[in-house]
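> Compact mmCIF, C-alpha atoms (C1' of nucleotides), file coords.txt:
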```txt
# COMPACT_ATOMS: atom_id res chain seq x y z
CA MET A 535 136.86 86.31 104.47
CA GLU A 536 135.48 87.22 107.81
CA THR A 537 137.45 84.85 109.96
CA ALA A 538 139.77 87.59 111.00
CA GLY A 539 137.58 90.50 110.08
CA GLN A 540 135.31 90.27 113.02
CA THR A 541 138.09 89.90 115.45
CA ARG A 542 139.47 93.32 114.85
CA ALA A 543 136.07 94.88 114.40
CA GLN A 544 135.40 94.90 118.08
CA ALA A 545 138.91 95.74 118.99
CA CYS A 546 137.83 99.25 119.80
CA GLY A 547 135.39 98.15 122.44
CA GLN A 548 132.40 99.08 120.34
CA LEU A 549 129.68 96.79 119.32
CA PRO A 550 130.22 95.37 115.87
CA VAL A 551 126.94 96.74 114.70
CA GLU A 552 128.63 98.03 111.63
CA HIS A 553 128.31 94.65 109.94
CA GLY A 554 124.62 95.08 109.62
CA ASP A 555 124.70 92.45 106.91
CA PHE A 556 125.73 89.48 109.00
CA VAL A 557 123.69 90.56 111.91
CA ARG A 558 120.59 91.08 109.86
CA GLU A 559 121.06 87.74 108.21
CA VAL A 560 121.12 85.99 111.53
CA ILE A 561 118.53 88.18 113.21
CA ASP A 562 116.21 87.57 110.34
CA ARG A 563 116.51 83.89 110.98
CA VAL A 564 116.38 83.95 114.70
CA GLY A 565 113.85 86.71 114.83
CA ASP A 566 111.30 85.09 112.63
CA LYS A 567 107.97 84.06 113.94
CA TRP A 568 108.78 80.75 115.57
CA THR A 569 112.49 79.97 115.72
CA LEU A 570 113.11 81.39 119.15
CA LEU A 571 110.17 79.60 120.64
CA VAL A 572 111.19 76.28 119.17
CA ILE A 573 114.74 76.66 120.40
CA ALA A 574 113.54 77.59 123.84
CA ASN A 575 111.41 74.49 123.96
CA LEU A 576 114.42 72.32 123.27
CA ARG A 577 116.21 73.61 126.33
CA ASP A 578 115.48 70.56 128.45
CA GLY A 579 116.59 68.00 125.93
CA PRO A 580 115.32 66.28 122.80
CA ARG A 581 111.73 66.73 121.81
CA ARG A 582 109.55 64.96 119.31
CA TYR A 583 107.83 66.63 116.46
CA SER A 584 104.40 66.31 117.95
CA GLN A 585 105.65 67.46 121.30
CA LEU A 586 106.94 70.66 119.82
CA GLN A 587 103.69 71.21 118.07
CA GLN A 588 101.94 71.13 121.41
CA LEU A 589 104.61 73.14 123.17
CA VAL A 590 104.41 75.99 120.71
CA PRO A 591 100.74 76.89 120.82
CA GLY A 592 99.79 78.39 117.52
CA ILE A 593 102.32 76.86 115.17
CA SER A 594 101.19 75.02 112.07
CA GLN A 595 102.69 71.85 110.69
CA ARG A 596 104.11 73.76 107.82
CA MET A 597 105.86 76.30 109.97
CA LEU A 598 107.13 73.76 112.45
CA THR A 599 108.62 71.70 109.66
CA LEU A 600 110.11 74.72 107.98
CA THR A 601 111.53 76.13 111.18
CA LEU A 602 112.98 72.78 112.15
CA ARG A 603 114.53 72.20 108.77
CA GLN A 604 116.03 75.64 108.71
CA LEU A 605 117.39 75.13 112.19
CA LYS A 606 118.89 71.86 111.14
CA ASP A 607 120.42 73.35 108.03
CA ASP A 608 121.94 76.09 110.09
CA GLY A 609 123.41 73.53 112.43
CA LEU A 610 121.46 74.63 115.46
CA VAL A 611 119.54 71.42 115.96
CA THR A 612 119.93 67.79 115.09
CA ARG A 613 117.27 65.58 113.68
CA THR A 614 117.15 61.91 114.61
CA ALA A 615 114.65 59.59 112.98
CA TYR A 616 113.97 56.19 114.48
CA ALA A 617 112.80 53.61 112.01
CA GLU A 618 110.12 52.22 114.22
CA VAL A 619 106.63 51.10 113.53
CA PRO A 620 105.12 54.29 114.79
CA PRO A 621 107.61 56.72 113.33
CA ARG A 622 109.50 58.73 115.90
CA VAL A 623 111.66 61.75 115.25
CA GLU A 624 113.55 63.67 117.84
CA TYR A 625 115.08 67.10 117.63
CA ALA A 626 117.81 68.34 119.90
CA LEU A 627 120.01 71.38 120.18
CA THR A 628 123.56 71.23 118.98
CA SER A 629 126.22 73.05 120.94
CA LEU A 630 125.77 75.95 118.59
CA GLY A 631 122.08 75.93 119.24
CA ALA A 632 122.66 75.67 122.94
CA SER A 633 124.90 78.69 122.82
CA LEU A 634 122.00 80.63 121.39
CA LEU A 635 119.75 79.29 124.07
CA ASP A 636 121.12 81.66 126.66
CA THR A 637 120.44 84.70 124.58
CA ALA A 638 117.11 83.37 123.44
CA THR A 639 116.10 82.79 127.00
CA ALA A 640 117.17 86.27 127.93
CA LEU A 641 115.07 87.72 125.16
CA ILE A 642 112.07 85.66 126.13
CA ASP A 643 112.53 86.66 129.72
CA TRP A 644 112.65 90.28 128.71
CA ALA A 645 109.54 89.86 126.63
CA THR A 646 107.73 88.19 129.49
CA ALA A 647 108.78 90.85 131.92
CA ASN A 648 108.02 93.83 129.73
CA HIS A 649 105.24 92.97 127.38
CA ALA A 650 102.74 94.51 129.75
CA ALA A 651 104.63 97.77 129.88
CA ILE A 652 104.91 97.85 126.13
CA ARG A 653 101.23 97.28 125.67
CA ASP A 654 100.52 99.96 128.17
CA ASN A 655 102.74 102.44 126.40
CA ARG A 656 101.25 101.57 123.10
CA LEU A 657 97.78 102.44 124.30
CA LYS A 658 98.88 105.68 125.87
CA ARG A 659 100.76 107.12 122.95
CA PRO A 660 98.89 106.60 119.77
CA SER A 661 100.88 108.29 117.08
CA GLY A 662 99.18 106.70 114.19
CA ARG A 663 99.58 103.12 115.09
CA ALA A 664 96.91 100.67 113.98
CA MET B 1217 90.69 80.07 121.76
CA GLU B 1218 93.50 79.41 124.21
CA THR B 1219 92.67 82.11 126.72
CA ALA B 1220 92.74 80.01 129.84
CA GLY B 1221 94.36 76.85 128.63
CA GLN B 1222 97.88 78.13 128.50
CA THR B 1223 97.88 79.99 131.77
CA ARG B 1224 98.16 76.96 133.91
CA ALA B 1225 100.29 75.11 131.41
CA GLN B 1226 103.42 75.72 133.44
CA ALA B 1227 103.90 76.32 137.17
CA CYS B 1228 106.94 74.20 137.69
CA GLY B 1229 109.58 76.89 137.63
CA GLN B 1230 110.18 76.47 133.95
CA LEU B 1231 110.68 79.19 131.46
CA PRO B 1232 107.43 80.87 130.67
CA VAL B 1233 107.58 79.81 127.10
CA GLU B 1234 104.02 78.72 127.34
CA HIS B 1235 102.80 82.27 126.88
CA GLY B 1236 103.80 82.10 123.30
CA ASP B 1237 101.40 84.92 122.64
CA PHE B 1238 103.15 87.65 124.58
CA VAL B 1239 106.54 86.42 123.64
CA ARG B 1240 105.68 86.25 120.01
CA GLU B 1241 104.15 89.66 120.10
CA VAL B 1242 107.33 91.14 121.45
CA ILE B 1243 109.67 88.98 119.44
CA ASP B 1244 107.81 89.92 116.33
CA ARG B 1245 108.49 93.52 117.09
CA VAL B 1246 112.03 93.19 118.24
CA GLY B 1247 112.85 90.57 115.70
CA ASP B 1248 111.75 92.50 112.70
CA LYS B 1249 114.17 93.60 110.11
CA TRP B 1250 115.62 96.73 111.67
CA THR B 1251 114.53 97.27 115.24
CA LEU B 1252 117.43 95.56 116.89
CA LEU B 1253 119.96 97.38 114.79
CA VAL B 1254 118.41 100.74 115.51
CA ILE B 1255 118.31 100.07 119.21
CA ALA B 1256 121.88 98.95 119.20
CA ASN B 1257 122.91 102.14 117.50
CA LEU B 1258 121.35 104.18 120.25
CA ARG B 1259 123.52 102.56 122.86
CA ASP B 1260 125.94 105.47 123.16
CA GLY B 1261 123.33 108.14 123.55
CA PRO B 1262 120.92 110.17 121.41
CA ARG B 1263 121.20 110.00 117.67
CA ARG B 1264 119.71 112.10 114.95
CA TYR B 1265 117.54 110.76 112.21
CA SER B 1266 120.17 111.14 109.53
CA GLN B 1267 122.80 109.67 111.78
CA LEU B 1268 120.80 106.53 112.22
CA GLN B 1269 120.25 106.32 108.53
CA GLN B 1270 123.99 106.21 108.04
CA LEU B 1271 124.60 103.93 110.99
CA VAL B 1272 122.19 101.30 109.73
CA PRO B 1273 123.51 100.57 106.25
CA GLY B 1274 120.67 99.42 104.09
CA ILE B 1275 117.69 101.01 105.77
CA SER B 1276 115.29 103.19 103.80
CA GLN B 1277 113.69 106.37 105.00
CA ARG B 1278 110.39 104.67 105.20
CA MET B 1279 111.64 101.83 107.33
CA LEU B 1280 113.66 104.05 109.59
CA THR B 1281 110.66 106.25 110.22
CA LEU B 1282 108.39 103.29 110.78
CA THR B 1283 110.80 101.53 113.09
CA LEU B 1284 111.40 104.68 115.06
CA ARG B 1285 107.73 105.46 115.41
CA GLN B 1286 106.97 101.95 116.50
CA LEU B 1287 109.78 102.09 119.01
CA LYS B 1288 108.45 105.36 120.33
CA ASP B 1289 104.91 104.03 120.59
CA ASP B 1290 106.17 101.04 122.48
CA GLY B 1291 108.00 103.30 124.86
CA LEU B 1292 111.46 102.08 123.96
CA VAL B 1293 112.78 105.34 122.61
CA THR B 1294 112.02 109.02 122.98
CA ARG B 1295 111.74 111.50 120.19
CA THR B 1296 112.86 115.07 120.71
CA ALA B 1297 112.34 117.66 118.01
CA TYR B 1298 114.16 120.97 118.19
CA ALA B 1299 112.38 123.82 116.46
CA GLU B 1300 115.47 125.15 114.81
CA VAL B 1301 116.13 126.53 111.39
CA PRO B 1302 117.67 123.32 110.18
CA PRO B 1303 115.27 120.88 111.79
CA ARG B 1304 116.90 118.58 114.27
CA VAL B 1305 115.36 115.50 115.82
CA GLU B 1306 117.03 113.26 118.29
CA TYR B 1307 116.13 109.78 119.36
CA ALA B 1308 117.23 108.21 122.58
CA LEU B 1309 116.56 105.03 124.50
CA THR B 1310 114.20 105.05 127.42
CA SER B 1311 115.03 102.97 130.44
CA LEU B 1312 112.82 100.29 128.99
CA GLY B 1313 114.70 100.46 125.73
CA ALA B 1314 117.98 100.42 127.59
CA SER B 1315 116.93 97.28 129.41
CA LEU B 1316 116.51 95.62 126.06
CA LEU B 1317 119.88 96.86 124.98
CA ASP B 1318 121.70 94.23 126.97
CA THR B 1319 119.82 91.41 125.38
CA ALA B 1320 119.99 93.00 121.98
CA THR B 1321 123.71 93.36 122.32
CA ALA B 1322 124.00 89.75 123.37
CA LEU B 1323 122.08 88.64 120.32
CA ILE B 1324 124.13 90.80 118.02
CA ASP B 1325 127.29 89.50 119.60
CA TRP B 1326 126.11 85.97 119.09
CA ALA B 1327 125.27 86.70 115.50
CA THR B 1328 128.65 88.23 114.92
CA ALA B 1329 130.44 85.35 116.54
CA ASN B 1330 128.51 82.58 114.84
CA HIS B 1331 127.31 83.76 111.48
CA ALA B 1332 130.31 82.20 109.86
CA ALA B 1333 129.60 78.85 111.43
CA ILE B 1334 125.99 79.03 110.38
CA ARG B 1335 126.86 79.82 106.83
CA ASP B 1336 129.31 77.01 106.83
CA ASN B 1337 126.74 74.56 108.12
CA ARG B 1338 124.23 75.74 105.62
CA LEU B 1339 126.52 74.96 102.75
CA LYS B 1340 127.43 71.56 104.11
CA ARG B 1341 123.97 70.25 104.79
CA PRO B 1342 121.69 71.14 101.98
CA SER B 1343 118.34 69.56 102.69
CA GLY B 1344 116.56 71.51 100.08
CA ARG B 1345 117.69 74.95 101.00
CA ALA B 1346 119.63 77.39 98.87
C1' DC C 928 103.27 59.58 113.46
C1' DC C 929 105.81 62.65 110.51
C1' DG C 930 106.05 65.09 107.31
C1' DT C 931 105.32 67.33 102.14
C1' DA C 932 102.79 69.96 98.40
C1' DT C 933 99.76 73.41 96.94
C1' DC C 934 96.82 77.23 97.19
C1' DC C 935 96.25 81.81 98.61
C1' DG C 936 95.90 86.11 101.15
C1' DG C 937 98.11 89.78 103.96
C1' DG C 938 101.65 92.47 105.49
C1' DC C 939 106.16 93.91 105.32
C1' DT C 940 109.47 96.21 102.41
C1' DG C 941 111.81 99.12 99.01
C1' DA C 942 111.62 102.77 95.43
C1' DT C 943 110.10 106.95 94.27
C1' DA C 944 108.13 111.40 94.69
C1' DC C 945 106.54 115.13 97.47
C1' DT C 946 106.03 118.37 101.93
C1' DG C 947 107.17 121.33 106.31
C1' DC D 444 116.96 117.98 107.72
C1' DA D 445 113.16 115.15 108.69
C1' DG D 446 109.72 113.21 107.45
C1' DT D 447 104.96 111.63 104.64
C1' DA D 448 102.37 109.33 100.73
C1' DT D 449 101.57 106.04 97.34
C1' DC D 450 102.42 102.05 94.65
C1' DA D 451 103.90 97.54 93.45
C1' DG D 452 106.41 93.26 94.59
C1' DC D 453 107.82 89.58 97.48
C1' DC D 454 107.94 86.56 101.10
C1' DC D 455 105.84 84.97 105.26
C1' DG D 456 102.59 82.26 107.06
C1' DG D 457 97.95 79.70 107.60
C1' DA D 458 94.62 76.14 105.83
C1' DT D 459 93.99 72.17 103.57
C1' DA D 460 94.87 67.89 101.42
C1' DC D 461 97.87 64.24 100.44
C1' DG D 462 102.19 60.84 100.85
C1' DG D 463 105.82 57.64 103.53
```
In structure tokens, write the structure found in this file.

Amino acid sequence: METAGQTRAQACGQLPVEHGDFVREVIDRVGDKWTLLVIANLRDGPRRYSQLQQLVPGISQRMLTLTLRQLKDDGLVTRTAYAEVPPRVEYALTSLGASLLDTATALIDWATANHAAIRDNRLKRPSGRA
Amino acid sequence: METAGQTRAQACGQLPVEHGDFVREVIDRVGDKWTLLVIANLRDGPRRYSQLQQLVPGISQRMLTLTLRQLKDDGLVTRTAYAEVPPRVEYALTSLGASLLDTATALIDWATANHAAIRDNRLKRPSGRA
DNA sequence: CCGTATCCGGGCTGATACTG
DNA sequence: CAGTATCAGCCCGGATACGG
């Protein structure tokens, strides 16, 4: 289907924004409330469930589980369960997940660098915002 | 809450993922359904309202307006209305918006390059997902 | 320790209709 | 052309309680 489609899409030097469908599908995933943060926290290697819960401040068990499962289903992380007495489960990025890590990091960096400016602007130009 | 607790959480040259708050606030904005696509479509210069509506396939008037207004409030785009007989309004990226463009483009590129792989993985490893 | 299941509310979203 | 207004639906996401 799209194996060759995307190749020629950007042949003109433009961004392949035209396939809003694919992009939105992925952005919707990546751009949801926690995914990016979880991925970013796996940058330094495998993490345990409880570790991630601490690393991502406000996340609930439900959301962590859901995010992790989704990530695993999408092939971005691996899940390894050790059948030990105190159960231990580790999550790690796959190569696919790692490839997203760069972009994710960039986005987080941008957010960190510019969130103050955004807030500032938002206060200055109230055009009906809540 | 976590007002002071997270501030000193890092300090070792790591990514500032610890400020999940700011990051999430921005990611939530940027990562919503349409923002990224709209921004990407402003890469080549100012666009008119109706142009954007065509450029972003499935977007509704409501969502385009909302996204645009939000973007304007956040200082990522400018809105210029020309008092002409057929009303004309143009939207353009600010420097702040342009600085996000790089990252946005990277994310879109990633999505374009890997959406097939993700779909593939999703079909192969059903752990309860559709 | 690592999840899962259920309840439930809020906000985002789309469709439609109307205005300057 | 470029919005605004309203309504109804759906999914996200948090809290809680329970299972392996």
> Taking (99.1, 75.2, 102.0) in the file's coordinates as the center, which residues reach within 9 Å of it, counting all atoms listed in the file, put as a list in words?
Arg596 of chain A; DA932, DT933, DC934 and DC935 of chain C; DG457, DA458, DT459 and DA460 of chain D
> Now that the selection is made, can you save its residues with C-alpha atoms (C1' of nucleotides) as a CSV table (one decimal), in the coordinates of the input?

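Written out: result.csv:
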```csv
chain,number,residue,atom,x,y,z
A,596,ARG,CA,104.1,73.8,107.8
C,932,DA,C1',102.8,70.0,98.4
C,933,DT,C1',99.8,73.4,96.9
C,934,DC,C1',96.8,77.2,97.2
C,935,DC,C1',96.2,81.8,98.6
D,457,DG,C1',98.0,79.7,107.6
D,458,DA,C1',94.6,76.1,105.8
D,459,DT,C1',94.0,72.2,103.6
D,460,DA,C1',94.9,67.9,101.4
```
> Given identical sequences, what C-alpha RMSD separates chain A from chain B after least-squares superposition over all Cα in order?
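The fitted C-alpha deviation between chain B and chain A is 2.9 Å.
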> Check every residue of chain C for an atom within 8 Å of chain A, counting all atoms listed in the file, and provide those that qualify as a PDB file with C-alpha atoms (C1' of nucleotides), in the coordinates of the input.

```pdb
ATOM      1  C1'  DC C 928     103.270  59.580 113.460  1.00  0.00           C
ATOM      2  C1'  DC C 929     105.810  62.650 110.510  1.00  0.00           C
ATOM      3  C1'  DG C 930     106.050  65.090 107.310  1.00  0.00           C
TER       4       DG C 930
END
```
> For chain B against chain A, which residues fall within 8 Å using only C-alpha atoms, given as a JSON list (two decimals) with C-alpha atoms, in the frame of the given file?

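Output file out-v2.json is given in full below:
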```
[["chain", "number", "residue", "atom", "x", "y", "z"],
["B", 1231, "LEU", "CA", 110.68, 79.19, 131.46],
["B", 1232, "PRO", "CA", 107.43, 80.87, 130.67],
["B", 1233, "VAL", "CA", 107.58, 79.81, 127.10],
["B", 1234, "GLU", "CA", 104.02, 78.72, 127.34],
["B", 1236, "GLY", "CA", 103.80, 82.10, 123.30],
["B", 1238, "PHE", "CA", 103.15, 87.65, 124.58],
["B", 1239, "VAL", "CA", 106.54, 86.42, 123.64],
["B", 1240, "ARG", "CA", 105.68, 86.25, 120.01],
["B", 1242, "VAL", "CA", 107.33, 91.14, 121.45],
["B", 1243, "ILE", "CA", 109.67, 88.98, 119.44],
["B", 1244, "ASP", "CA", 107.81, 89.92, 116.33],
["B", 1246, "VAL", "CA", 112.03, 93.19, 118.24],
["B", 1247, "GLY", "CA", 112.85, 90.57, 115.70],
["B", 1248, "ASP", "CA", 111.75, 92.50, 112.70],
["B", 1249, "LYS", "CA", 114.17, 93.60, 110.11],
["B", 1250, "TRP", "CA", 115.62, 96.73, 111.67],
["B", 1253, "LEU", "CA", 119.96, 97.38, 114.79],
["B", 1256, "ALA", "CA", 121.88, 98.95, 119.20],
["B", 1257, "ASN", "CA", 122.91, 102.14, 117.50],
["B", 1271, "LEU", "CA", 124.60, 103.93, 110.99],
["B", 1272, "VAL", "CA", 122.19, 101.30, 109.73],
["B", 1273, "PRO", "CA", 123.51, 100.57, 106.25],
["B", 1285, "ARG", "CA", 107.73, 105.46, 115.41],
["B", 1286, "GLN", "CA", 106.97, 101.95, 116.50],
["B", 1289, "ASP", "CA", 104.91, 104.03, 120.59],
["B", 1290, "ASP", "CA", 106.17, 101.04, 122.48],
["B", 1291, "GLY", "CA", 108.00, 103.30, 124.86],
["B", 1316, "LEU", "CA", 116.51, 95.62, 126.06],
["B", 1319, "THR", "CA", 119.82, 91.41, 125.38],
["B", 1320, "ALA", "CA", 119.99, 93.00, 121.98],
["B", 1321, "THR", "CA", 123.71, 93.36, 122.32],
["B", 1322, "ALA", "CA", 124.00, 89.75, 123.37],
["B", 1323, "LEU", "CA", 122.08, 88.64, 120.32],
["B", 1324, "ILE", "CA", 124.13, 90.80, 118.02],
["B", 1325, "ASP", "CA", 127.29, 89.50, 119.60],
["B", 1326, "TRP", "CA", 126.11, 85.97, 119.09],
["B", 1327, "ALA", "CA", 125.27, 86.70, 115.50],
["B", 1328, "THR", "CA", 128.65, 88.23, 114.92],
["B", 1329, "ALA", "CA", 130.44, 85.35, 116.54],
["B", 1331, "HIS", "CA", 127.31, 83.76, 111.48],
["B", 1332, "ALA", "CA", 130.31, 82.20, 109.86],
["B", 1334, "ILE", "CA", 125.99, 79.03, 110.38],
["B", 1335, "ARG", "CA", 126.86, 79.82, 106.83],
["B", 1337, "ASN", "CA", 126.74, 74.56, 108.12],
["B", 1338, "ARG", "CA", 124.23, 75.74, 105.62],
["B", 1341, "ARG", "CA", 123.97, 70.25, 104.79],
["B", 1342, "PRO", "CA", 121.69, 71.14, 101.98],
["B", 1343, "SER", "CA", 118.34, 69.56, 102.69],
["B", 1345, "ARG", "CA", 117.69, 74.95, 101.00]]
```
> One number please: CA of Thr628 (chain A) to CA of Gln587 (chain A), in Å, one decimal.
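Going from CA of Thr628 (chain A) over to CA of Gln587 (chain A), I get 19.9 Å.
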> To one decimal place, how far is CA of Leu1309 (chain B) from CA of Leu1284 (chain B) in Å?
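Pair CA of Leu1309 (chain B) / CA of Leu1284 (chain B) returns 10.8 Å.
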> Chain D residues within 12 Å of chain B, counting only C-alpha atoms (C1' of nucleotides): which ones, as number ranges by chain?
D: 444-449
> Go ahead and compute the interatomic distance for CA of Thr601 (chain A) and C1' of DC453 (chain D), in Å to one decimal.
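Distance between the two atoms: 19.6 Å.
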> As lines of an AutoDock Vina configuration file, please: the centre and edge lengths in Å, to one decimal, of an axis-aligned box enclosing every listed atom of region 556-565 of chain A with 4 Å added on each side.

```
center_x = 119.8
center_y = 87.5
center_z = 111.5
size_x = 19.9
size_y = 15.2
size_z = 14.6
```
> Near Pro580 (chain A), counting all atoms listed in the file, which residues have an atom at most 7 Å away, once you skip same-chain residues fewer than 4 positions from it, shown as a PDB file with C-alpha atoms, in the coordinates of the input?

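Printed below is around.pdb as written:
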```
ATOM      1  CA  LEU A 576     114.420  72.320 123.270  1.00  0.00           C
ATOM      2  CA  GLU A 624     113.550  63.670 117.840  1.00  0.00           C
ATOM      3  CA  TYR A 625     115.080  67.100 117.630  1.00  0.00           C
ATOM      4  CA  ALA A 626     117.810  68.340 119.900  1.00  0.00           C
TER       5      ALA A 626
END
```
